[in-house]
Structures are given as structure tokens and as C-alpha cells.
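So this block is structure-v4.cif, mmCIF, C-alpha atoms:
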```cif
data_coords
#
loop_
_atom_site.label_atom_id
_atom_site.label_comp_id
_atom_site.auth_asym_id
_atom_site.auth_seq_id
_atom_site.Cartn_x
_atom_site.Cartn_y
_atom_site.Cartn_z
CA MET A 1 13.27 7.61 13.53
CA ILE A 2 16.11 9.34 15.39
CA PHE A 3 15.61 8.75 19.08
CA ALA A 4 16.98 10.43 22.15
CA SER A 5 19.45 8.26 24.06
CA PHE A 6 19.89 8.35 27.80
CA THR A 7 21.64 6.18 30.38
CA ARG A 8 19.61 3.42 31.99
CA ARG A 9 20.51 4.55 35.49
CA ALA A 10 19.24 8.07 34.86
CA GLY A 11 16.09 6.65 33.33
CA LEU A 12 15.31 4.42 36.29
CA VAL A 13 15.87 7.22 38.76
CA GLY A 14 13.67 9.51 36.67
CA ALA A 15 11.00 6.84 36.45
CA ALA A 16 10.94 6.50 40.21
CA VAL A 17 10.46 10.23 40.56
CA VAL A 18 7.61 10.19 38.08
CA LEU A 19 5.83 7.30 39.76
CA LEU A 20 6.22 8.75 43.24
CA GLY A 21 5.15 12.18 42.12
CA LEU A 22 2.07 10.98 40.29
CA SER A 23 0.97 8.07 42.46
CA ALA A 24 -1.81 10.13 43.98
CA CYS A 25 -3.62 10.36 40.64
CA GLY A 26 -5.53 7.12 41.26
CA GLY A 27 -5.19 5.90 37.69
CA ASP A 28 -5.93 2.24 38.46
CA ASP A 29 -9.13 3.05 40.35
CA GLU A 30 -10.36 5.23 37.52
CA THR A 31 -9.77 2.50 34.94
CA LYS A 32 -11.48 -0.17 37.04
CA ALA A 33 -14.49 2.08 37.54
CA GLY A 34 -14.97 2.60 33.79
CA ALA A 35 -14.41 5.77 31.81
CA PRO A 36 -11.56 7.86 33.28
CA SER A 37 -12.13 11.43 34.41
CA LYS A 38 -9.12 12.50 32.32
CA ILE A 39 -6.57 11.11 29.91
CA THR A 40 -2.84 11.82 30.26
CA PHE A 41 -0.91 11.75 26.99
CA SER A 42 2.86 11.26 27.16
CA ILE A 43 5.17 13.04 24.75
CA LEU A 44 8.92 12.74 24.37
CA SER A 45 10.60 16.13 24.19
CA ALA A 46 14.35 16.42 24.54
CA GLU A 47 13.99 20.19 24.48
CA GLY A 48 11.16 20.27 27.01
CA GLN A 49 7.57 21.41 27.14
CA ALA A 50 8.32 24.96 25.97
CA SER A 51 9.20 23.79 22.46
CA ALA A 52 6.94 20.76 22.06
CA GLY A 53 3.89 22.07 23.91
CA PRO A 54 2.67 24.55 21.29
CA LEU A 55 2.95 21.89 18.57
CA TRP A 56 0.96 19.21 20.39
CA GLN A 57 -1.54 21.33 22.31
CA PRO A 58 -3.96 21.95 19.39
CA LEU A 59 -4.15 18.21 18.69
CA LEU A 60 -4.71 17.38 22.36
CA GLU A 61 -7.47 19.98 22.60
CA ASP A 62 -9.14 18.46 19.52
CA MET A 63 -8.75 15.00 21.06
CA SER A 64 -10.39 16.15 24.29
CA THR A 65 -13.38 17.49 22.35
CA ALA A 66 -13.68 14.34 20.27
CA ILE A 67 -13.60 11.82 23.14
CA GLY A 68 -15.46 13.91 25.72
CA VAL A 69 -12.71 13.59 28.33
CA PRO A 70 -10.08 16.20 29.25
CA VAL A 71 -6.66 15.33 27.82
CA GLU A 72 -3.53 16.55 29.60
CA PRO A 73 0.03 16.31 28.23
CA PHE A 74 2.86 14.69 30.13
CA PHE A 75 6.26 15.72 28.79
CA GLY A 76 9.46 13.79 29.39
CA SER A 77 12.95 13.76 27.95
CA ASN A 78 13.53 10.06 28.61
CA TYR A 79 11.62 7.14 27.12
CA THR A 80 12.37 4.98 30.18
CA VAL A 81 10.48 7.48 32.32
CA LEU A 82 7.55 7.53 29.91
CA VAL A 83 7.32 3.74 29.63
CA GLU A 84 7.38 3.46 33.42
CA ALA A 85 4.69 6.13 33.71
CA MET A 86 2.44 4.14 31.39
CA ARG A 87 3.25 0.91 33.25
CA GLY A 88 2.06 2.56 36.47
CA ASN A 89 -1.08 3.90 34.71
CA GLN A 90 -0.02 7.48 35.27
CA THR A 91 -0.39 7.95 31.50
CA GLN A 92 -2.93 6.17 29.35
CA VAL A 93 -2.01 7.27 25.82
CA ALA A 94 1.44 7.85 24.35
CA TRP A 95 3.36 8.90 21.27
CA PHE A 96 6.32 6.52 21.15
CA SER A 97 9.00 5.87 18.58
CA ALA A 98 9.28 2.26 17.49
CA LYS A 99 11.81 0.77 19.90
CA PRO A 100 10.28 2.18 23.12
CA ALA A 101 6.86 1.25 21.74
CA VAL A 102 7.99 -2.38 21.87
CA GLU A 103 9.12 -1.86 25.46
CA ALA A 104 5.75 -0.32 26.36
CA ILE A 105 3.90 -3.29 24.85
CA ASP A 106 6.08 -5.79 26.69
CA ARG A 107 6.26 -4.00 30.02
CA ALA A 108 3.41 -1.49 30.27
CA ASN A 109 0.30 -3.32 29.03
CA ALA A 110 0.20 -1.08 25.96
CA GLU A 111 -1.22 -1.69 22.50
CA VAL A 112 -0.81 0.11 19.18
CA ILE A 113 -3.79 1.91 17.67
CA ALA A 114 -2.09 3.93 14.93
CA ARG A 115 1.22 4.68 13.28
CA THR A 116 2.45 8.04 12.03
CA VAL A 117 2.78 8.99 8.37
CA ASN A 118 5.26 11.69 7.40
CA LYS A 119 4.73 14.59 5.03
CA GLU A 120 5.89 12.46 2.10
CA GLY A 121 3.20 9.88 2.84
CA LEU A 122 5.55 7.26 4.30
CA ASP A 123 5.00 5.36 7.55
CA SER A 124 8.41 3.72 7.50
CA TYR A 125 11.94 4.22 6.22
CA ARG A 126 14.83 1.96 5.25
CA SER A 127 18.47 1.55 6.10
CA THR A 128 20.75 1.62 3.05
CA LEU A 129 24.29 0.94 1.90
CA VAL A 130 25.68 3.59 -0.41
CA VAL A 131 28.70 3.79 -2.72
CA LYS A 132 30.12 6.49 -4.95
CA THR A 133 28.24 6.80 -8.22
CA GLY A 134 30.24 5.22 -11.02
CA SER A 135 32.53 3.28 -8.67
CA GLY A 136 31.22 -0.04 -9.89
CA ILE A 137 31.13 -1.44 -6.36
CA THR A 138 28.41 -4.06 -6.00
CA LEU A 139 26.74 -5.60 -2.97
CA ASP A 140 28.29 -8.97 -3.76
CA GLN A 141 31.75 -7.39 -3.70
CA VAL A 142 31.02 -5.76 -0.35
CA LEU A 143 29.80 -9.03 1.16
CA ALA A 144 32.86 -10.86 -0.14
CA CYS A 145 34.91 -8.97 2.47
CA GLY A 146 38.66 -9.54 2.07
CA LYS A 147 39.52 -6.18 3.66
CA ARG A 148 39.13 -4.55 0.25
CA PHE A 149 37.01 -1.54 1.13
CA ASP A 150 36.97 1.32 3.65
CA PHE A 151 33.59 1.23 5.41
CA GLY A 152 31.51 3.89 7.17
CA ILE A 153 29.06 2.68 9.81
CA GLY A 154 26.65 4.62 12.04
CA ASP A 155 26.64 5.23 15.76
CA ALA A 156 26.40 2.02 17.75
CA GLN A 157 22.86 2.95 18.89
CA SER A 158 21.65 4.08 15.46
CA THR A 159 18.74 1.96 14.25
CA SER A 160 19.35 2.46 10.53
CA GLY A 161 23.07 3.22 10.71
CA THR A 162 24.10 0.12 12.65
CA LEU A 163 21.32 -2.08 14.06
CA ALA A 164 19.44 -2.65 10.80
CA PRO A 165 22.43 -3.43 8.55
CA MET A 166 23.83 -5.75 11.20
CA ALA A 167 20.49 -7.53 11.77
CA PHE A 168 19.34 -7.75 8.17
CA LEU A 169 22.58 -7.94 6.18
CA PHE A 170 25.77 -8.77 8.06
CA ASN A 171 24.80 -10.99 11.01
CA PRO A 172 22.80 -13.52 8.92
CA ARG A 173 25.98 -14.02 6.87
CA GLY A 174 28.32 -14.15 9.83
CA ILE A 175 30.07 -10.94 8.75
CA VAL A 176 31.90 -8.84 11.35
CA PRO A 177 32.64 -5.42 9.80
CA ALA A 178 35.93 -4.98 11.67
CA GLN A 179 37.13 -8.26 10.17
CA CYS A 180 35.53 -7.75 6.76
CA PHE A 181 36.68 -4.27 5.75
CA LYS A 182 40.05 -2.58 5.42
CA THR A 183 38.99 0.16 7.82
CA VAL A 184 35.77 0.95 9.70
CA ARG A 185 34.84 4.47 10.81
CA SER A 186 31.73 5.53 12.72
CA ALA A 187 29.83 8.72 11.86
CA ASN A 188 26.31 10.05 11.35
CA HIS A 189 24.42 9.59 8.10
CA GLN A 190 25.31 12.93 6.58
CA ALA A 191 28.99 12.60 7.40
CA ASN A 192 29.06 9.09 5.94
CA ALA A 193 27.32 10.27 2.78
CA PHE A 194 29.86 13.05 2.29
CA ALA A 195 32.68 10.58 2.95
CA VAL A 196 31.38 8.29 0.19
CA ALA A 197 30.81 11.15 -2.23
CA THR A 198 34.33 12.49 -1.71
CA GLY A 199 36.05 9.10 -1.73
CA VAL A 200 37.07 9.04 1.93
CA VAL A 201 35.28 5.68 2.32
CA ASP A 202 34.16 3.25 -0.36
CA VAL A 203 30.84 2.15 1.16
CA ALA A 204 28.75 3.35 4.10
CA THR A 205 25.44 2.94 5.86
CA SER A 206 22.74 5.56 5.40
CA ASN A 207 18.94 5.65 5.20
CA THR A 208 16.19 6.72 2.84
CA VAL A 209 15.37 9.79 4.91
CA ASN A 210 18.93 11.03 4.47
CA THR A 211 18.60 10.39 0.73
CA VAL A 212 15.57 12.67 0.59
CA PHE A 213 17.37 15.29 2.69
CA LEU A 214 20.44 15.31 0.45
CA ASN A 215 18.38 15.56 -2.72
CA ARG A 216 16.70 18.65 -1.29
CA GLN A 217 19.60 20.31 0.48
CA ASN A 218 22.69 19.20 -1.45
CA PRO A 219 21.80 17.69 -4.83
CA ALA A 220 25.43 17.81 -5.98
CA ILE A 221 26.44 15.42 -3.20
CA ALA A 222 23.31 13.30 -3.70
CA ALA A 223 24.26 12.81 -7.35
CA GLN A 224 27.56 11.28 -6.24
CA ILE A 225 25.88 8.55 -4.18
CA THR A 226 24.20 5.32 -5.29
CA GLU A 227 22.30 2.85 -3.11
CA ILE A 228 23.29 -0.82 -3.44
CA TRP A 229 21.13 -2.24 -0.63
CA GLN A 230 17.96 -1.40 1.31
CA SER A 231 16.74 -3.02 4.50
CA PRO A 232 13.18 -4.16 5.10
CA PRO A 233 10.95 -1.26 6.21
CA ILE A 234 11.78 0.19 9.62
CA PRO A 235 8.64 1.49 11.30
CA GLU A 236 8.17 5.10 12.30
CA SER A 237 6.57 6.17 15.58
CA GLY A 238 3.10 5.16 16.75
CA ILE A 239 0.23 6.00 19.09
CA LEU A 240 -0.25 3.54 21.95
CA VAL A 241 -2.92 3.15 24.62
CA ARG A 242 -3.05 1.06 27.76
CA GLY A 243 -4.72 -2.25 27.04
CA ASP A 244 -7.06 -1.97 30.04
CA LEU A 245 -8.35 1.48 29.14
CA ASP A 246 -12.15 1.70 29.07
CA PRO A 247 -13.11 0.09 25.71
CA ALA A 248 -15.51 2.87 24.71
CA ILE A 249 -12.89 5.56 25.32
CA LYS A 250 -10.24 3.47 23.57
CA GLU A 251 -12.37 3.27 20.43
CA LYS A 252 -13.07 7.00 20.52
CA ILE A 253 -9.32 7.65 20.73
CA ARG A 254 -8.65 5.24 17.85
CA SER A 255 -11.32 6.90 15.70
CA PHE A 256 -9.98 10.36 16.53
CA PHE A 257 -6.47 9.59 15.31
CA LEU A 258 -7.51 7.66 12.21
CA THR A 259 -9.83 10.43 11.00
CA TYR A 260 -7.77 13.44 12.09
CA GLY A 261 -6.92 15.73 9.17
CA GLN A 262 -8.90 13.65 6.70
CA GLY A 263 -11.69 14.76 4.41
CA GLU A 264 -12.50 18.19 3.03
CA GLY A 265 -13.49 21.55 4.44
CA VAL A 266 -12.19 24.26 6.72
CA GLU A 267 -11.88 22.03 9.79
CA ALA A 268 -9.98 19.30 7.95
CA ASP A 269 -7.64 21.95 6.53
CA ARG A 270 -7.00 23.30 10.02
CA GLN A 271 -6.24 19.83 11.33
CA ARG A 272 -3.83 19.23 8.47
CA ARG A 273 -1.97 22.38 9.48
CA VAL A 274 -1.69 21.00 13.02
CA LEU A 275 -0.29 17.76 11.59
CA ALA A 276 2.16 19.65 9.40
CA GLY A 277 3.55 21.37 12.48
CA LEU A 278 4.31 17.89 13.85
CA GLU A 279 5.86 16.87 10.49
CA TYR A 280 3.02 14.40 9.81
CA SER A 281 0.35 14.04 7.14
CA GLN A 282 -1.91 11.53 8.92
CA PHE A 283 -2.19 8.66 11.38
CA ARG A 284 -2.65 5.24 9.81
CA ALA A 285 -4.34 2.18 11.32
CA ALA A 286 -1.87 -0.30 12.80
CA ASP A 287 -1.48 -3.03 15.37
CA ASP A 288 1.49 -4.40 17.29
CA ASN A 289 2.70 -6.41 14.29
CA TYR A 290 3.97 -3.29 12.58
CA LEU A 291 6.80 -3.30 15.11
CA ASN A 292 8.09 -6.75 14.10
CA PRO A 293 11.15 -5.30 12.31
CA ILE A 294 12.21 -3.76 15.62
CA ARG A 295 11.64 -7.05 17.42
CA GLU A 296 13.78 -8.77 14.80
CA MET A 297 16.65 -6.37 15.44
CA VAL A 298 16.28 -6.84 19.20
CA ALA A 299 16.31 -10.62 18.82
CA ASP A 300 19.39 -10.36 16.65
CA GLN A 301 21.13 -8.31 19.34
CA GLN A 302 20.12 -10.83 21.99
CA LEU A 303 21.52 -13.67 19.90
CA THR A 304 24.83 -11.89 19.45
CA GLU A 305 25.09 -11.17 23.18
CA ALA A 306 24.14 -14.74 24.11
CA ARG A 307 26.80 -16.16 21.82
CA GLU A 308 29.42 -13.83 23.30
CA LYS A 309 28.49 -15.03 26.80
CA GLY A 310 28.33 -18.68 25.79
CA ASP A 311 24.78 -18.93 27.14
CA THR A 312 23.43 -21.96 25.28
CA ALA A 313 19.83 -21.63 26.50
CA ALA A 314 19.70 -17.95 25.59
CA VAL A 315 21.19 -18.70 22.16
CA THR A 316 18.50 -21.30 21.49
CA ALA A 317 15.70 -18.94 22.58
CA ALA A 318 17.04 -16.03 20.52
CA GLU A 319 17.52 -18.19 17.44
CA ALA A 320 13.95 -19.45 17.68
CA GLU A 321 12.54 -15.93 18.04
CA LEU A 322 14.68 -14.63 15.19
CA GLN A 323 13.58 -17.45 12.91
CA ARG A 324 9.93 -16.84 13.79
CA LEU A 325 10.21 -13.17 12.92
CA ARG A 326 12.11 -13.79 9.71
CA VAL A 327 9.45 -16.22 8.53
CA LEU A 328 6.78 -13.60 9.25
CA ARG A 329 8.72 -11.03 7.22
CA GLU A 330 9.16 -13.40 4.28
CA VAL A 331 5.46 -14.24 4.00
CA GLN A 332 4.30 -10.62 4.20
CA PRO A 333 3.23 -9.05 0.87
#
```
Output the file's structure in the form of C-alpha cells.
Amino acid sequence: MIFASFTRRAGLVGAAVVLLGLSACGGDDETKAGAPSKITFSILSAEGQASAGPLWQPLLEDMSTAIGVPVEPFFGSNYTVLVEAMRGNQTQVAWFSAKPAVEAIDRANAEVIARTVNKEGLDSYRSTLVVKTGSGITLDQVLACGKRFDFGIGDAQSTSGTLAPMAFLFNPRGIVPAQCFKTVRSANHQANAFAVATGVVDVATSNTVNTVFLNRQNPAIAAQITEIWQSPPIPESGILVRGDLDPAIKEKIRSFFLTYGQGEGVEADRQRRVLAGLEYSQFRAADDNYLNPIREMVADQQLTEAREKGDTAAVTAAEAELQRLRVLREVQP
């Protein structure tokens, strides 16, 4: 849900290094010949292999046993590098958060086989707007603008703090926060929640994960906050494979993730402990459609940028894509 952010230039340079360094692996030849001699599994780790390795290694060892092919980890601190590695077939399976998963599908011939489920049993979360409990502030009052309220928004790159409320709430109504509210301040979810609870701002963006965190860690502050809006579900991370991976191996990988930690007995209990170390409870079946909320936010961004540039063709294309995705969302149960 909270993703590492890096500059595009650094990512492209890093990607070039990865592709040059791994080009001798012969990934394409292995795939064309059938079952690969090994599978490389990419993992984002801002802290590096030393911290993430011990958490993922038991799962990768179990995966290797289940599919009958050695599985090796590939750690990176930059999603651009990891997407490029999959595009060049240097990695065949990946754990990606939602936005880079879309990039991998579009650019790296990837497809979704599963999505992650957290310890609370959720495979998604929601962006929220929060106000001080007892303030009487309603969503209609917020959307009426008039520079009446002080507003707390998230970081510009925050999915739930900025992108989701803009895409799902403000942009469809033509609302520009800087023109709508008396003041606008940018901060993280916890800071915004404290600002609402203490009266520094009247309304702010947050998310349902932060709500759970506050109820556990600071119930006094949580009691001072009330949600007045929730976004559509925002997908959590997923497991992706290259689309041209040997079909038999692909199905073994799919089966491995969907059954991992399920059932009863000593082995299932052990697997659940492995999942708990990764902050998950299971992997749930999914396809590329589960990422449509991310695509909707991306299309919304593209529309905004096209309008700013006065690019009529791009505006028309973005509007059509946005409408298509909104229709899909509305007809979903």
C-alpha cells in the first residue's frame, strides 16, 4: 500500500545495469524450450536483501519444492528496475504493489495470478476523508467549497492520501483543493489524523489502514476522528508471472500460492507462520481486473495532464478510458 518512490532517471540507469548484468542468463531461450531450469522471483526491498531475505526465503524454498524447479530471489530497491528485469525475462515471477503491477502488465508481458490478503483478512484498503468527531461537518459541506475549511491532503505521490481522493471525489466534480478550501497543508496520514483530532485542520485525507493503526496504538486520538467518505477499494499487492512462462509451470506456481498456508495440520501451521512474517494471511485468486482502480487513477491523472497541456486528442482518449473504467466499477457487485 505504501510504495517506495525513486526518480525515473535513477530507475532507468538501474534497469540498464540489471539487464546488462543478467543478459547472459538466457531467459528467452529457456522459455521457448519449455520448462525453465530455474525461476527468478523479484522482490522489492528498500532496506536490501539482509532484511527481506530471511522473511521471503522460507516461502521461496517451499515454492521450489512445490513446482519442482529451483527458485532464486532477485532483490531490488526500485520498481522500475524490477519491471525492466521482468520485461527482459531476467525474472519470471514477481511480488509487485498495485501501481507497478499495472506497469508490468502493460510493459513486461506480465499477468496476475494472485493478490495478497493481510492479517485482518483484507485484500484492499480505502482512502478516506476524516473530520473531528462531533464537529458536524458533512461531505456535502466539504464539497460545497467556499474556502470554509482548512484541509489536510497527503503527499503528492500518495495513492490514498492524494491520488484516490482526487480521482474518485474531487476531479469528477471539478474541485481544485487549493481553490476550494481556506488553506491546504500536505502531511502523512498520521500527521493529518492528529491535525484533525486537535483542530489544526477541519478535514483531511486518510485511509482505512491508518484507522486500524490509530485504534490499536492511540485510541484516544481515534475516538476524536470520524470518517465522512470512503473511496472504492484500492488493491493491495499481487503476485505476477510472465505471460509466456511454460503453462505447466505457471499453473504449478498459481496452485502453490493459492493453497499456501491453507488447511489443517503441522505443515499448514508452519506456512501460516511464514505468511505472518510477511504480514499476510493468504494469497487470493485474482486476475488483471483487480487492478482497475489503479488504472482509473492513472487515467484520471492523464486527463488532468492532457487538459493542462491543451492536448485535445489526449483529452479525448483519457476521457474515454476513464468512462470505461467508471462503468466497470459501477456494474461490479
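Going from atom CA of Thr116 of chain A over to atom CA of Arg284 of chain A, you cover 6.2 Å.
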As number ranges by chain, please: the residues near Val83 of chain A (cut-off 12 Å, all atoms listed in the file, same-chain neighbours under 6 positions excluded). A: 11-12, 14-16, 18-19, 41-44, 74, 76-77, 89-97, 99-110, 240-242
Check which residues of segment 259-332 of chain A sit at most 10 Å from segment 169-188 of chain A using only C-alpha atoms, and return one row each with the closest pair of atoms and their distance in Å to one decimal, ordered by chain and rising number, as a Markdown table.
```
| residue | atom | partner | partner_atom | distance |
| --- | --- | --- | --- | --- |
| A:Asp300 | CA | A:Asn171 | CA | 7.8 |
| A:Gln301 | CA | A:Asn171 | CA | 9.5 |
| A:Leu303 | CA | A:Asn171 | CA | 9.8 |
| A:Thr304 | CA | A:Asn171 | CA | 8.5 |
```
Report the distance between atom CA of Ala276 of chain A and atom CA of Asn118 of chain A in Å, rounded to one decimal place.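 Taking atom CA of Ala276 of chain A as the start and atom CA of Asn118 of chain A as the end point, the length is 8.8 Å.
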In Å, how far is it from atom CA of Asp288 of chain A to atom CA of Glu111 of chain A?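 Interatomic distance here is 6.5 Å.
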